[in-house]
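Here's the structure we're looking at; comments come further down.
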Amino acid sequence: MITQKFMALIPTGAEWINWVLLLLSVISVAIILERSIVLHKKRGRIDRLKQDVGEAFQRGAYEQVEAILEQDRSSAAKISFEIIQGMKKIGFDFEESLTVALSEEKLSLESRTSVLGTLGSTAPFIGLFGTIWGIIHAFHSLSQNAKGNATVVMAGVSEALVTTALGLLVAIPAVVTYNYFMRSIKKIIVGAENFARLVVVAYMNRIKQKKQ
């Protein structure tokens with residue numbers, strides 16, 4: 001009974017699965033472009049940022065240090081600025097503030113990247129499902145057509161294999177970019193932590209010395 005109900009759906013063919021994969025490919029490309037732009041901004045130019053902050057320190061322009069960090073879009077500057085503000089206003093411990101800031105920034109950077117990982121792992125199976133569906137459709141069409149021959153089956157199978165190809169076309173770029181983004185995020189977080197340890201500690205020490 002279940003088989004009969006399933007077979008009633010077979011005449012629709014696997015074309016609808018191709019449209020699903022096409023939609024997933026559009027979503028994948030959109031996320032790749034959006035995350036590429038975001039990570040490029042968050043990566044920033046650490047060397048230039050260090051130089052600007054270092055020059056401000058030499059001049060004793062502590063307020064300018066904060067202004068430089070606030071205006072810069074990189075993760076390193078954002079984290080350092082947030083820690084400085086928290087330590088000045090509320091008196092947070094540096095290590096605790098750094099841990100919280102890094103974890104929050106990492107979550108922000110990883111936003112929507114999990115979708116790419118999911119697409120990379122599931123798209124091939126969706127394509128395989130479409131291929132099997134198409135093959136069943138081809139043999140079902142042959143059984144319904146007394147004059148049918150092997151050509152009908154081969155044509156249906158070839159169309160079904162397109163679904164597998166589409167699944168791989170969705171999965172491969174998603175997996176490659178997901179791995180690349182994960183490595184980039186790791187580098188950004190490590191760079192931001194190192195920068196924050198240098199800048200925030202130096203900044204707070206200068207402020208303490210100035211008050212004394």
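Letters A, B, ... mark the chains of the structure tokens in the order given; residue numbers begin at 1 per chain; ligand numbers begin at 1, in order shown.
When the distance limit is 9 Å and only C-alpha atoms are what count, the residues near Val53 in chain A, minus those fewer than 2 positions from it on the same chain, are Arg48, Leu49, Lys50, Gln51, Glu55, Ala56, Phe57, Gln58, Gln64, Val65, Glu66, Ile68, Leu69 and Val199 of chain A.
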Practice problem: Within 9 Å of Thr122 in chain A, counting only C-alpha atoms, which residues show up once you throw out same-chain ones fewer than 4 positions away? Write them as a list of chain:residue names, please. | Solution: A:Gly117, A:Thr118, A:Ile126, A:Gly127, A:Gly167, A:Ala171
Exercise. Fewer than 6 positions away in the same chain doesn't count, so skip those; otherwise give me all residues within 10 Å of Ser158 in chain A, counting only C-alpha atoms, as a PyMOL selection string.
Key: chain A and resi 131+134-135+138
Selection above as a file: C-alpha atoms, as an mmCIF file, in the first residue's frame:
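After the write, out_11.cif holds the following:
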```cif
data_model
loop_
_atom_site.group_PDB
_atom_site.id
_atom_site.type_symbol
_atom_site.label_atom_id
_atom_site.label_comp_id
_atom_site.auth_asym_id
_atom_site.auth_seq_id
_atom_site.Cartn_x
_atom_site.Cartn_y
_atom_site.Cartn_z
ATOM 1 C CA THR A 131 18.939 10.406 -9.295
ATOM 2 C CA GLY A 134 14.614 9.774 -11.760
ATOM 3 C CA ILE A 135 15.679 6.189 -12.407
ATOM 4 C CA ALA A 138 12.315 6.096 -16.094
#
```
Quiz item: What lies within 9 Å of range 73-87 of chain A using only C-alpha atoms, ignoring chain neighbours under 5 positions off, as a ChimeraX atom specification?
Solution: /A:39-46,49,66-68,92-94,97-98,101-102,105,188-189,191-197,199-200,203-204
Quiz item: Any idea what's packed within 10 Å of Trp19 in chain A, counting only C-alpha atoms, ignoring anything in its chain fewer than 5 positions away? Could you give it as a ChimeraX atom specification?
Solution: /A:14,24-25,163,166
Write the selection just made, keeping N, CA and C atoms, as an mmCIF file, in the first residue's frame?
```cif
data_model
loop_
_atom_site.group_PDB
_atom_site.id
_atom_site.type_symbol
_atom_site.label_atom_id
_atom_site.label_comp_id
_atom_site.auth_asym_id
_atom_site.auth_seq_id
_atom_site.Cartn_x
_atom_site.Cartn_y
_atom_site.Cartn_z
ATOM 1 N N ALA A 14 11.966 13.913 -11.428
ATOM 2 C CA ALA A 14 12.908 14.485 -10.462
ATOM 3 C C ALA A 14 13.227 15.947 -10.746
ATOM 4 N N LEU A 24 19.143 26.045 -3.467
ATOM 5 C CA LEU A 24 20.223 25.894 -2.491
ATOM 6 C C LEU A 24 21.529 26.500 -3.001
ATOM 7 N N SER A 25 21.764 26.394 -4.305
ATOM 8 C CA SER A 25 22.979 26.983 -4.874
ATOM 9 C C SER A 25 22.945 28.509 -4.783
ATOM 10 N N THR A 163 20.904 15.346 -11.738
ATOM 11 C CA THR A 163 20.605 15.739 -10.369
ATOM 12 C C THR A 163 21.801 15.487 -9.455
ATOM 13 N N LEU A 166 24.292 18.213 -10.141
ATOM 14 C CA LEU A 166 23.887 19.466 -9.499
ATOM 15 C C LEU A 166 24.164 19.439 -7.999
#
```
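Pairwise distance (CA of Leu33 in chain A, CA of Tyr180 in chain A) equals 13.0 Å.
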Quiz item: Any idea what the distance is between CA of Ser28 in chain A and CA of Ala174 in chain A?
Solution: 6.6 Å
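Within 9 Å of Ile32 in chain A, once only C-alpha atoms are used and residues closer than 4 positions along the same chain are dropped, the contacting residues are Ile27, Ser28, Ser36, Ile37, Thr113, Leu116, Ala174, Thr177 and Tyr178 of chain A.
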Would you put the residues from that selection into a file with N, CA and C atoms, as a compact mmCIF listing (two decimals), in the first residue's frame?
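Written file, selection_11.txt:
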```txt
# COMPACT_ATOMS: atom_id res chain seq x y z
N ILE A 27 21.33 30.23 -2.48
CA ILE A 27 21.55 30.53 -1.06
C ILE A 27 23.03 30.42 -0.72
N SER A 28 23.68 29.38 -1.23
CA SER A 28 25.10 29.16 -0.96
C SER A 28 25.95 30.31 -1.50
N SER A 36 32.36 36.66 2.67
CA SER A 36 33.65 37.11 2.12
C SER A 36 33.85 38.59 2.38
N ILE A 37 32.80 39.37 2.18
CA ILE A 37 32.89 40.82 2.42
C ILE A 37 33.10 41.11 3.90
N THR A 113 27.85 30.58 8.49
CA THR A 113 28.80 29.65 7.88
C THR A 113 28.37 28.20 8.08
N LEU A 116 26.66 26.71 5.14
CA LEU A 116 27.54 26.18 4.09
C LEU A 116 27.98 24.76 4.44
N ALA A 174 30.57 24.86 -1.46
CA ALA A 174 30.16 25.09 -0.08
C ALA A 174 31.19 24.54 0.90
N THR A 177 34.63 26.66 0.59
CA THR A 177 34.55 27.98 1.21
C THR A 177 34.33 27.87 2.73
N TYR A 178 33.58 26.87 3.17
CA TYR A 178 33.37 26.67 4.61
C TYR A 178 34.71 26.45 5.32
```
Self-check item: Spatial neighbours of Ile172 in chain A, max dist 10 Å, only C-alpha atoms, sep filter under 6 positions, as a list in words
Solution: Leu119, Gly120, Ser121, Ala123, Pro124 and Tyr178 of chain A
Store the residues picked out above, limited to C-alpha atoms, as a PDB file, in the first residue's frame.
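The file below, selection-v6.pdb, is the result:
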```
ATOM      1  CA  LEU A 119      24.820  22.290   2.333  1.00  0.00           C
ATOM      2  CA  GLY A 120      28.193  20.718   1.720  1.00  0.00           C
ATOM      3  CA  SER A 121      27.227  17.560   3.585  1.00  0.00           C
ATOM      4  CA  ALA A 123      23.564  18.434  -1.174  1.00  0.00           C
ATOM      5  CA  PRO A 124      25.217  15.243  -2.552  1.00  0.00           C
ATOM      6  CA  TYR A 178      33.374  26.673   4.615  1.00  0.00           C
TER       7      TYR A 178
END
```
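Between CA of Ser108 in chain A and CA of Lys89 in chain A the interatomic distance comes to 24.1 Å.
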Practice problem: Could you tell me which of A:Ile185, A:Phe139, A:Tyr62, A:Leu23 comes closest to Leu107 in chain A if we count only C-alpha atoms? | Solution: A:Ile185
